[in-house]
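J.: Just coords09.csv, nothing more (CSV, N, CA and C atoms):
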```
chain,number,residue,atom,x,y,z
A,1,MET,N,7.3,-25.9,13.1
A,1,MET,CA,8.5,-26.6,13.4
A,1,MET,C,9.7,-26.0,12.7
A,2,ALA,N,10.8,-26.0,13.4
A,2,ALA,CA,12.0,-25.5,12.8
A,2,ALA,C,12.8,-26.5,12.0
A,3,ALA,N,13.2,-26.2,10.8
A,3,ALA,CA,14.0,-27.1,10.1
A,3,ALA,C,15.4,-27.0,10.6
A,4,PRO,N,16.2,-28.0,10.6
A,4,PRO,CA,17.6,-28.0,11.1
A,4,PRO,C,18.4,-26.9,10.4
A,5,ASP,N,18.3,-26.7,9.1
A,5,ASP,CA,19.1,-25.8,8.4
A,5,ASP,C,18.5,-24.4,8.3
A,6,GLY,N,17.2,-24.2,8.7
A,6,GLY,CA,16.6,-22.9,8.6
A,6,GLY,C,15.9,-22.7,7.3
A,7,THR,N,16.1,-23.5,6.3
A,7,THR,CA,15.6,-23.3,4.9
A,7,THR,C,14.1,-23.2,4.9
A,8,LEU,N,13.4,-24.1,5.5
A,8,LEU,CA,12.0,-24.2,5.5
A,8,LEU,C,11.4,-23.0,6.1
A,9,ASN,N,11.9,-22.5,7.2
A,9,ASN,CA,11.3,-21.4,7.9
A,9,ASN,C,11.5,-20.1,7.1
A,10,CYS,N,12.7,-19.9,6.5
A,10,CYS,CA,12.9,-18.7,5.7
A,10,CYS,C,12.0,-18.7,4.5
A,11,GLU,N,11.9,-19.8,3.8
A,11,GLU,CA,11.1,-19.9,2.6
A,11,GLU,C,9.7,-19.7,2.9
A,12,ASP,N,9.2,-20.4,3.9
A,12,ASP,CA,7.8,-20.3,4.3
A,12,ASP,C,7.4,-18.8,4.7
A,13,PHE,N,8.3,-18.2,5.5
A,13,PHE,CA,8.0,-16.8,5.9
A,13,PHE,C,8.0,-15.9,4.6
A,14,SER,N,8.9,-16.1,3.8
A,14,SER,CA,9.0,-15.2,2.6
A,14,SER,C,7.8,-15.4,1.7
A,15,MET,N,7.5,-16.6,1.3
A,15,MET,CA,6.5,-16.8,0.3
A,15,MET,C,5.1,-16.7,0.8
A,16,PHE,N,4.8,-17.2,1.9
A,16,PHE,CA,3.5,-17.4,2.4
A,16,PHE,C,3.0,-16.3,3.4
A,17,GLN,N,3.9,-15.6,3.9
A,17,GLN,CA,3.5,-14.6,4.9
A,17,GLN,C,3.9,-13.2,4.5
A,18,MET,N,5.2,-13.0,4.4
A,18,MET,CA,5.6,-11.6,4.1
A,18,MET,C,5.1,-11.1,2.8
A,19,MET,N,5.4,-11.8,1.7
A,19,MET,CA,5.1,-11.3,0.4
A,19,MET,C,3.6,-11.2,0.2
A,20,GLU,N,2.8,-12.2,0.6
A,20,GLU,CA,1.4,-12.1,0.5
A,20,GLU,C,0.8,-11.0,1.3
A,21,ALA,N,1.3,-10.7,2.5
A,21,ALA,CA,0.8,-9.6,3.3
A,21,ALA,C,1.1,-8.3,2.6
A,22,HIS,N,2.3,-8.1,2.0
A,22,HIS,CA,2.7,-6.9,1.3
A,22,HIS,C,1.8,-6.7,0.1
A,23,LEU,N,1.6,-7.7,-0.7
A,23,LEU,CA,0.7,-7.6,-1.8
A,23,LEU,C,-0.7,-7.3,-1.5
A,24,SER,N,-1.2,-7.9,-0.4
A,24,SER,CA,-2.6,-7.7,0.0
A,24,SER,C,-2.8,-6.2,0.5
A,25,ARG,N,-1.8,-5.7,1.3
A,25,ARG,CA,-1.9,-4.3,1.7
A,25,ARG,C,-1.8,-3.4,0.5
A,26,ASP,N,-0.9,-3.7,-0.4
A,26,ASP,CA,-0.7,-2.8,-1.6
A,26,ASP,C,-2.0,-2.8,-2.4
A,27,LYS,N,-2.6,-3.9,-2.6
A,27,LYS,CA,-3.9,-4.0,-3.4
A,27,LYS,C,-5.0,-3.2,-2.7
A,28,ALA,N,-5.1,-3.4,-1.4
A,28,ALA,CA,-6.2,-2.7,-0.6
A,28,ALA,C,-6.0,-1.1,-0.7
A,29,ILE,N,-4.8,-0.7,-0.5
A,29,ILE,CA,-4.5,0.8,-0.6
A,29,ILE,C,-4.8,1.3,-2.0
A,30,LYS,N,-4.4,0.6,-3.0
A,30,LYS,CA,-4.7,1.0,-4.4
A,30,LYS,C,-6.1,1.0,-4.7
A,31,SER,N,-6.9,0.1,-4.1
A,31,SER,CA,-8.3,0.1,-4.3
A,31,SER,C,-9.0,1.3,-3.7
A,32,CYS,N,-8.5,1.6,-2.5
A,32,CYS,CA,-9.1,2.8,-1.8
A,32,CYS,C,-8.7,4.1,-2.6
A,33,ILE,N,-7.5,4.1,-3.1
A,33,ILE,CA,-7.1,5.3,-3.9
A,33,ILE,C,-8.0,5.4,-5.2
A,34,ALA,N,-8.3,4.3,-5.8
A,34,ALA,CA,-9.1,4.3,-7.0
A,34,ALA,C,-10.5,4.8,-6.7
A,35,GLN,N,-11.1,4.3,-5.6
A,35,GLN,CA,-12.4,4.7,-5.2
A,35,GLN,C,-12.5,6.2,-4.8
A,36,THR,N,-11.5,6.6,-4.1
A,36,THR,CA,-11.5,8.0,-3.7
A,36,THR,C,-11.3,8.9,-4.9
A,37,SER,N,-10.5,8.5,-5.8
A,37,SER,CA,-10.2,9.3,-7.0
A,37,SER,C,-11.5,9.5,-7.8
A,38,GLU,N,-12.3,8.4,-7.9
A,38,GLU,CA,-13.6,8.5,-8.6
A,38,GLU,C,-14.5,9.5,-7.9
A,39,VAL,N,-14.5,9.5,-6.5
A,39,VAL,CA,-15.4,10.4,-5.8
A,39,VAL,C,-14.9,11.9,-6.0
A,40,VAL,N,-13.6,12.1,-6.0
A,40,VAL,CA,-13.0,13.4,-6.2
A,40,VAL,C,-13.4,13.9,-7.6
A,41,GLY,N,-13.3,13.0,-8.6
A,41,GLY,CA,-13.6,13.4,-10.0
A,41,GLY,C,-15.1,13.8,-10.1
A,42,ARG,N,-16.0,13.0,-9.4
A,42,ARG,CA,-17.4,13.3,-9.5
A,42,ARG,C,-17.7,14.7,-8.8
A,43,LEU,N,-17.0,14.9,-7.6
A,43,LEU,CA,-17.3,16.1,-6.9
A,43,LEU,C,-16.7,17.3,-7.7
A,44,ARG,N,-15.6,17.1,-8.4
A,44,ARG,CA,-15.1,18.2,-9.2
A,44,ARG,C,-16.1,18.6,-10.3
A,45,GLU,N,-16.7,17.6,-10.9
A,45,GLU,CA,-17.7,17.8,-12.0
A,45,GLU,C,-18.9,18.6,-11.4
A,46,GLU,N,-19.3,18.2,-10.2
A,46,GLU,CA,-20.5,18.9,-9.6
A,46,GLU,C,-20.1,20.3,-9.2
A,47,ARG,N,-18.8,20.5,-8.8
A,47,ARG,CA,-18.4,21.8,-8.4
A,47,ARG,C,-18.3,22.7,-9.6
A,48,ALA,N,-18.0,22.2,-10.8
A,48,ALA,CA,-17.9,22.9,-12.0
A,48,ALA,C,-19.3,23.4,-12.4
A,49,LYS,N,-20.4,22.6,-12.1
A,49,LYS,CA,-21.7,23.0,-12.4
A,49,LYS,C,-22.3,24.0,-11.4
A,50,ASP,N,-21.8,23.9,-10.1
A,50,ASP,CA,-22.4,24.7,-9.0
A,50,ASP,C,-21.2,25.1,-8.1
A,51,SER,N,-20.5,26.1,-8.6
A,51,SER,CA,-19.3,26.6,-7.9
A,51,SER,C,-19.5,27.4,-6.6
A,52,GLU,N,-20.8,27.7,-6.3
A,52,GLU,CA,-21.1,28.5,-5.1
A,52,GLU,C,-21.6,27.6,-3.9
A,53,ASN,N,-21.7,26.3,-4.1
A,53,ASN,CA,-22.2,25.4,-3.1
A,53,ASN,C,-21.0,25.1,-2.1
A,54,LEU,N,-21.1,25.7,-0.9
A,54,LEU,CA,-20.1,25.6,0.1
A,54,LEU,C,-20.0,24.2,0.6
A,55,ALA,N,-21.1,23.5,0.8
A,55,ALA,CA,-21.0,22.2,1.3
A,55,ALA,C,-20.3,21.2,0.3
A,56,LEU,N,-20.6,21.5,-0.9
A,56,LEU,CA,-19.9,20.7,-2.0
A,56,LEU,C,-18.4,20.9,-2.0
A,57,ILE,N,-18.0,22.2,-1.9
A,57,ILE,CA,-16.6,22.5,-1.8
A,57,ILE,C,-15.9,21.9,-0.6
A,58,LYS,N,-16.6,22.0,0.5
A,58,LYS,CA,-16.0,21.4,1.7
A,58,LYS,C,-15.9,19.9,1.6
A,59,GLN,N,-16.9,19.2,1.0
A,59,GLN,CA,-16.8,17.8,0.8
A,59,GLN,C,-15.7,17.4,-0.2
A,60,LEU,N,-15.5,18.2,-1.2
A,60,LEU,CA,-14.4,18.0,-2.2
A,60,LEU,C,-13.0,18.1,-1.5
A,61,ARG,N,-12.9,19.1,-0.7
A,61,ARG,CA,-11.6,19.3,0.0
A,61,ARG,C,-11.3,18.1,1.0
A,62,LYS,N,-12.4,17.6,1.6
A,62,LYS,CA,-12.2,16.5,2.5
A,62,LYS,C,-11.8,15.3,1.8
A,63,GLU,N,-12.4,15.0,0.6
A,63,GLU,CA,-12.1,13.8,-0.2
A,63,GLU,C,-10.7,14.0,-0.8
A,64,GLN,N,-10.3,15.2,-1.2
A,64,GLN,CA,-8.9,15.4,-1.7
A,64,GLN,C,-7.9,15.1,-0.6
A,65,THR,N,-8.2,15.5,0.6
A,65,THR,CA,-7.3,15.3,1.8
A,65,THR,C,-7.2,13.8,2.0
A,66,ASN,N,-8.3,13.1,1.9
A,66,ASN,CA,-8.3,11.6,2.1
A,66,ASN,C,-7.4,11.0,1.0
A,67,LEU,N,-7.6,11.5,-0.2
A,67,LEU,CA,-6.8,10.9,-1.3
A,67,LEU,C,-5.3,11.1,-1.1
A,68,LYS,N,-4.9,12.3,-0.7
A,68,LYS,CA,-3.5,12.6,-0.4
A,68,LYS,C,-3.0,11.7,0.7
A,69,LEU,N,-3.8,11.5,1.7
A,69,LEU,CA,-3.4,10.6,2.8
A,69,LEU,C,-3.2,9.1,2.3
A,70,MET,N,-4.1,8.7,1.5
A,70,MET,CA,-3.9,7.3,1.0
A,70,MET,C,-2.7,7.2,0.1
A,71,GLN,N,-2.5,8.2,-0.8
A,71,GLN,CA,-1.3,8.2,-1.6
A,71,GLN,C,0.0,8.2,-0.7
A,72,SER,N,0.0,8.9,0.3
A,72,SER,CA,1.1,8.9,1.3
A,72,SER,C,1.3,7.6,1.9
A,73,GLU,N,0.2,6.9,2.2
A,73,GLU,CA,0.2,5.6,2.8
A,73,GLU,C,0.8,4.6,1.9
A,74,LEU,N,0.6,4.8,0.6
A,74,LEU,CA,1.2,3.9,-0.4
A,74,LEU,C,2.7,4.1,-0.4
A,75,ASN,N,3.1,5.3,-0.3
A,75,ASN,CA,4.6,5.5,-0.2
A,75,ASN,C,5.2,4.9,1.1
A,76,VAL,N,4.5,5.0,2.2
A,76,VAL,CA,4.9,4.4,3.4
A,76,VAL,C,5.0,2.9,3.3
A,77,GLU,N,4.0,2.3,2.6
A,77,GLU,CA,4.0,0.9,2.4
A,77,GLU,C,5.2,0.4,1.6
A,78,GLU,N,5.6,1.2,0.6
A,78,GLU,CA,6.8,0.9,-0.2
A,78,GLU,C,8.0,0.9,0.7
A,79,VAL,N,8.2,1.9,1.5
A,79,VAL,CA,9.3,1.9,2.4
A,79,VAL,C,9.3,0.7,3.4
A,80,VAL,N,8.2,0.4,3.9
A,80,VAL,CA,8.1,-0.8,4.8
A,80,VAL,C,8.4,-2.1,4.0
A,81,ASN,N,8.0,-2.2,2.8
A,81,ASN,CA,8.3,-3.4,2.0
A,81,ASN,C,9.8,-3.4,1.8
A,82,ASP,N,10.4,-2.3,1.4
A,82,ASP,CA,11.9,-2.3,1.2
A,82,ASP,C,12.7,-2.7,2.4
A,83,ARG,N,12.3,-2.1,3.5
A,83,ARG,CA,13.0,-2.4,4.8
A,83,ARG,C,12.8,-3.9,5.2
A,84,SER,N,11.6,-4.3,5.1
A,84,SER,CA,11.3,-5.7,5.4
A,84,SER,C,12.1,-6.7,4.6
A,85,LEU,N,12.2,-6.4,3.3
A,85,LEU,CA,13.0,-7.3,2.4
A,85,LEU,C,14.4,-7.2,2.8
A,86,LYS,N,14.9,-6.0,3.1
A,86,LYS,CA,16.3,-5.9,3.5
A,86,LYS,C,16.7,-6.7,4.7
A,87,ILE,N,15.8,-6.6,5.7
A,87,ILE,CA,16.0,-7.4,7.0
A,87,ILE,C,15.9,-8.9,6.7
A,88,PHE,N,14.9,-9.2,5.9
A,88,PHE,CA,14.7,-10.6,5.6
A,88,PHE,C,16.0,-11.2,4.9
A,89,THR,N,16.5,-10.4,3.9
A,89,THR,CA,17.7,-10.8,3.2
A,89,THR,C,18.9,-10.9,4.2
A,90,GLU,N,19.0,-10.0,5.1
A,90,GLU,CA,20.2,-10.1,6.0
A,90,GLU,C,20.1,-11.3,6.9
A,91,ARG,N,18.9,-11.7,7.4
A,91,ARG,CA,18.7,-12.8,8.3
A,91,ARG,C,18.7,-14.1,7.6
A,92,CYS,N,18.2,-14.2,6.4
A,92,CYS,CA,18.0,-15.5,5.8
A,92,CYS,C,18.8,-15.7,4.5
A,93,ARG,N,19.7,-14.8,4.2
A,93,ARG,CA,20.5,-14.9,2.9
A,93,ARG,C,21.2,-16.3,2.8
A,94,ILE,N,21.6,-16.8,3.9
A,94,ILE,CA,22.4,-18.1,3.9
A,94,ILE,C,21.5,-19.2,3.4
A,95,HIS,N,20.2,-19.2,3.9
A,95,HIS,CA,19.3,-20.3,3.7
A,95,HIS,C,18.4,-20.1,2.4
A,96,TYR,N,18.0,-18.9,2.1
A,96,TYR,CA,17.0,-18.8,1.0
A,96,TYR,C,17.1,-17.4,0.4
A,97,THR,N,17.0,-17.3,-0.9
A,97,THR,CA,16.9,-16.0,-1.6
A,97,THR,C,15.5,-15.9,-2.2
A,98,PRO,N,14.7,-14.9,-1.7
A,98,PRO,CA,13.3,-14.7,-2.2
A,98,PRO,C,13.3,-14.3,-3.6
A,99,PRO,N,12.3,-14.6,-4.4
A,99,PRO,CA,12.1,-14.1,-5.7
A,99,PRO,C,11.8,-12.6,-5.7
A,100,LYS,N,12.2,-11.9,-6.8
A,100,LYS,CA,11.9,-10.5,-6.9
A,100,LYS,C,10.4,-10.3,-7.2
A,101,VAL,N,9.8,-9.3,-6.5
A,101,VAL,CA,8.4,-9.0,-6.7
A,101,VAL,C,8.4,-7.6,-7.2
A,102,LYS,N,7.7,-7.3,-8.4
A,102,LYS,CA,7.5,-6.0,-9.0
A,102,LYS,C,7.1,-6.1,-10.4
```
Please express the file's structure as structure tokens.
T.:
Amino acid sequence: MAAPDGTLNCEDFSMFQMMEAHLSRDKAIKSCIAQTSEVVGRLREERAKDSENLALIKQLRKEQTNLKLMQSELNVEEVVNDRSLKIFTERCRIHYTPPKVK
């Protein structure tokens, strides 16, 4: 339901939808980065012990590529968050000012 002055809609969207979604995605991406970093670290240790194992080297490169992609995704998510907040502020600044998240 729409509030006559728009306050309820802007506050609801900010607090319960947009911010929670951003925090949820950020947490998920960081979790994936942590897990992949552990795998990369383990594979590096194994490579140090057996530097001639081509399958191991190939797997390490694959995991390093995945790690770089996830780190890139975190940067993209930051840009999306900034742009979303900017648009939200432009549209709802009269009705509601969201709290700062960081």
J.: Select, from A:Leu43, A:Gln17, A:Lys49, A:Ile33, the residue with the minimum atom-to-atom distance to Lys62 of chain A, counting only C-alpha atoms.
T.: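 Smallest separation from Lys62 of chain A among the options: A:Leu43.
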J.: If I take atom C of Val76 of chain A and atom CA of Lys30 of chain A, how far is one from the other in Å, to one decimal?
T.: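 Separation between atom C of Val76 of chain A and atom CA of Lys30 of chain A: 12.5 Å.
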J.: Measure the distance from atom N of Ala55 of chain A to atom N of Ile29 of chain A in Å and round it to one decimal.
T.: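 Taking atom N of Ala55 of chain A as the start and atom N of Ile29 of chain A as the end point, the length is 29.2 Å.
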J.: What is the distance between atom N of Ala34 of chain A and atom C of Ser84 of chain A, in Å to one decimal?
T.: 25.4 Å
J.: I'd like the contact shell of Val39 of chain A - 8 Å cut-off, only N, CA and C atoms, skipping same-chain residues fewer than 5 positions apart - returned as a list in words.
T.: Ile33, Ala34, Arg44, Glu45, Leu60, Glu63 and Gln64 of chain A
J.: Residues of the last selection are to be written out with N, CA and C atoms, as a PDB file, in the frame of the given file.
T.:
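Here's the written file selection_33.pdb:
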```pdb
ATOM      1  N   ILE A  33      -7.500   4.100  -3.100  1.00  0.00           N
ATOM      2  CA  ILE A  33      -7.100   5.300  -3.900  1.00  0.00           C
ATOM      3  C   ILE A  33      -8.000   5.400  -5.200  1.00  0.00           C
ATOM      4  N   ALA A  34      -8.300   4.300  -5.800  1.00  0.00           N
ATOM      5  CA  ALA A  34      -9.100   4.300  -7.000  1.00  0.00           C
ATOM      6  C   ALA A  34     -10.500   4.800  -6.700  1.00  0.00           C
ATOM      7  N   ARG A  44     -15.600  17.100  -8.400  1.00  0.00           N
ATOM      8  CA  ARG A  44     -15.100  18.200  -9.200  1.00  0.00           C
ATOM      9  C   ARG A  44     -16.100  18.600 -10.300  1.00  0.00           C
ATOM     10  N   GLU A  45     -16.700  17.600 -10.900  1.00  0.00           N
ATOM     11  CA  GLU A  45     -17.700  17.800 -12.000  1.00  0.00           C
ATOM     12  C   GLU A  45     -18.900  18.600 -11.400  1.00  0.00           C
ATOM     13  N   LEU A  60     -15.500  18.200  -1.200  1.00  0.00           N
ATOM     14  CA  LEU A  60     -14.400  18.000  -2.200  1.00  0.00           C
ATOM     15  C   LEU A  60     -13.000  18.100  -1.500  1.00  0.00           C
ATOM     16  N   GLU A  63     -12.400  15.000   0.600  1.00  0.00           N
ATOM     17  CA  GLU A  63     -12.100  13.800  -0.200  1.00  0.00           C
ATOM     18  C   GLU A  63     -10.700  14.000  -0.800  1.00  0.00           C
ATOM     19  N   GLN A  64     -10.300  15.200  -1.200  1.00  0.00           N
ATOM     20  CA  GLN A  64      -8.900  15.400  -1.700  1.00  0.00           C
ATOM     21  C   GLN A  64      -7.900  15.100  -0.600  1.00  0.00           C
TER      22      GLN A  64
END
```
J.: Give me the residues near Leu74 of chain A as an mmCIF file with N, CA and C atoms, in the frame of the given file, where near means some atom within 8 Å (using all atoms listed in the file) and where sequence neighbours in that chain fewer than 4 positions away do not count.
T.:
```cif
data_model
loop_
_atom_site.group_PDB
_atom_site.id
_atom_site.type_symbol
_atom_site.label_atom_id
_atom_site.label_comp_id
_atom_site.auth_asym_id
_atom_site.auth_seq_id
_atom_site.Cartn_x
_atom_site.Cartn_y
_atom_site.Cartn_z
ATOM 1 N N ARG A 25 -1.800 -5.700 1.300
ATOM 2 C CA ARG A 25 -1.900 -4.300 1.700
ATOM 3 C C ARG A 25 -1.800 -3.400 0.500
ATOM 4 N N ASP A 26 -0.900 -3.700 -0.400
ATOM 5 C CA ASP A 26 -0.700 -2.800 -1.600
ATOM 6 C C ASP A 26 -2.000 -2.800 -2.400
ATOM 7 N N ILE A 29 -4.800 -0.700 -0.500
ATOM 8 C CA ILE A 29 -4.500 0.800 -0.600
ATOM 9 C C ILE A 29 -4.800 1.300 -2.000
ATOM 10 N N LYS A 30 -4.400 0.600 -3.000
ATOM 11 C CA LYS A 30 -4.700 1.000 -4.400
ATOM 12 C C LYS A 30 -6.100 1.000 -4.700
ATOM 13 N N LYS A 68 -4.900 12.300 -0.700
ATOM 14 C CA LYS A 68 -3.500 12.600 -0.400
ATOM 15 C C LYS A 68 -3.000 11.700 0.700
ATOM 16 N N LEU A 69 -3.800 11.500 1.700
ATOM 17 C CA LEU A 69 -3.400 10.600 2.800
ATOM 18 C C LEU A 69 -3.200 9.100 2.300
ATOM 19 N N MET A 70 -4.100 8.700 1.500
ATOM 20 C CA MET A 70 -3.900 7.300 1.000
ATOM 21 C C MET A 70 -2.700 7.200 0.100
ATOM 22 N N GLU A 78 5.600 1.200 0.600
ATOM 23 C CA GLU A 78 6.800 0.900 -0.200
ATOM 24 C C GLU A 78 8.000 0.900 0.700
ATOM 25 N N VAL A 79 8.200 1.900 1.500
ATOM 26 C CA VAL A 79 9.300 1.900 2.400
ATOM 27 C C VAL A 79 9.300 0.700 3.400
ATOM 28 N N VAL A 80 8.200 0.400 3.900
ATOM 29 C CA VAL A 80 8.100 -0.800 4.800
ATOM 30 C C VAL A 80 8.400 -2.100 4.000
#
```
J.: With only C-alpha atoms as the basis for distance, which of A:Thr89, A:Thr36, A:Ser31, A:Ser24 is at the shortest distance from Arg61 of chain A?
T.: A:Thr36
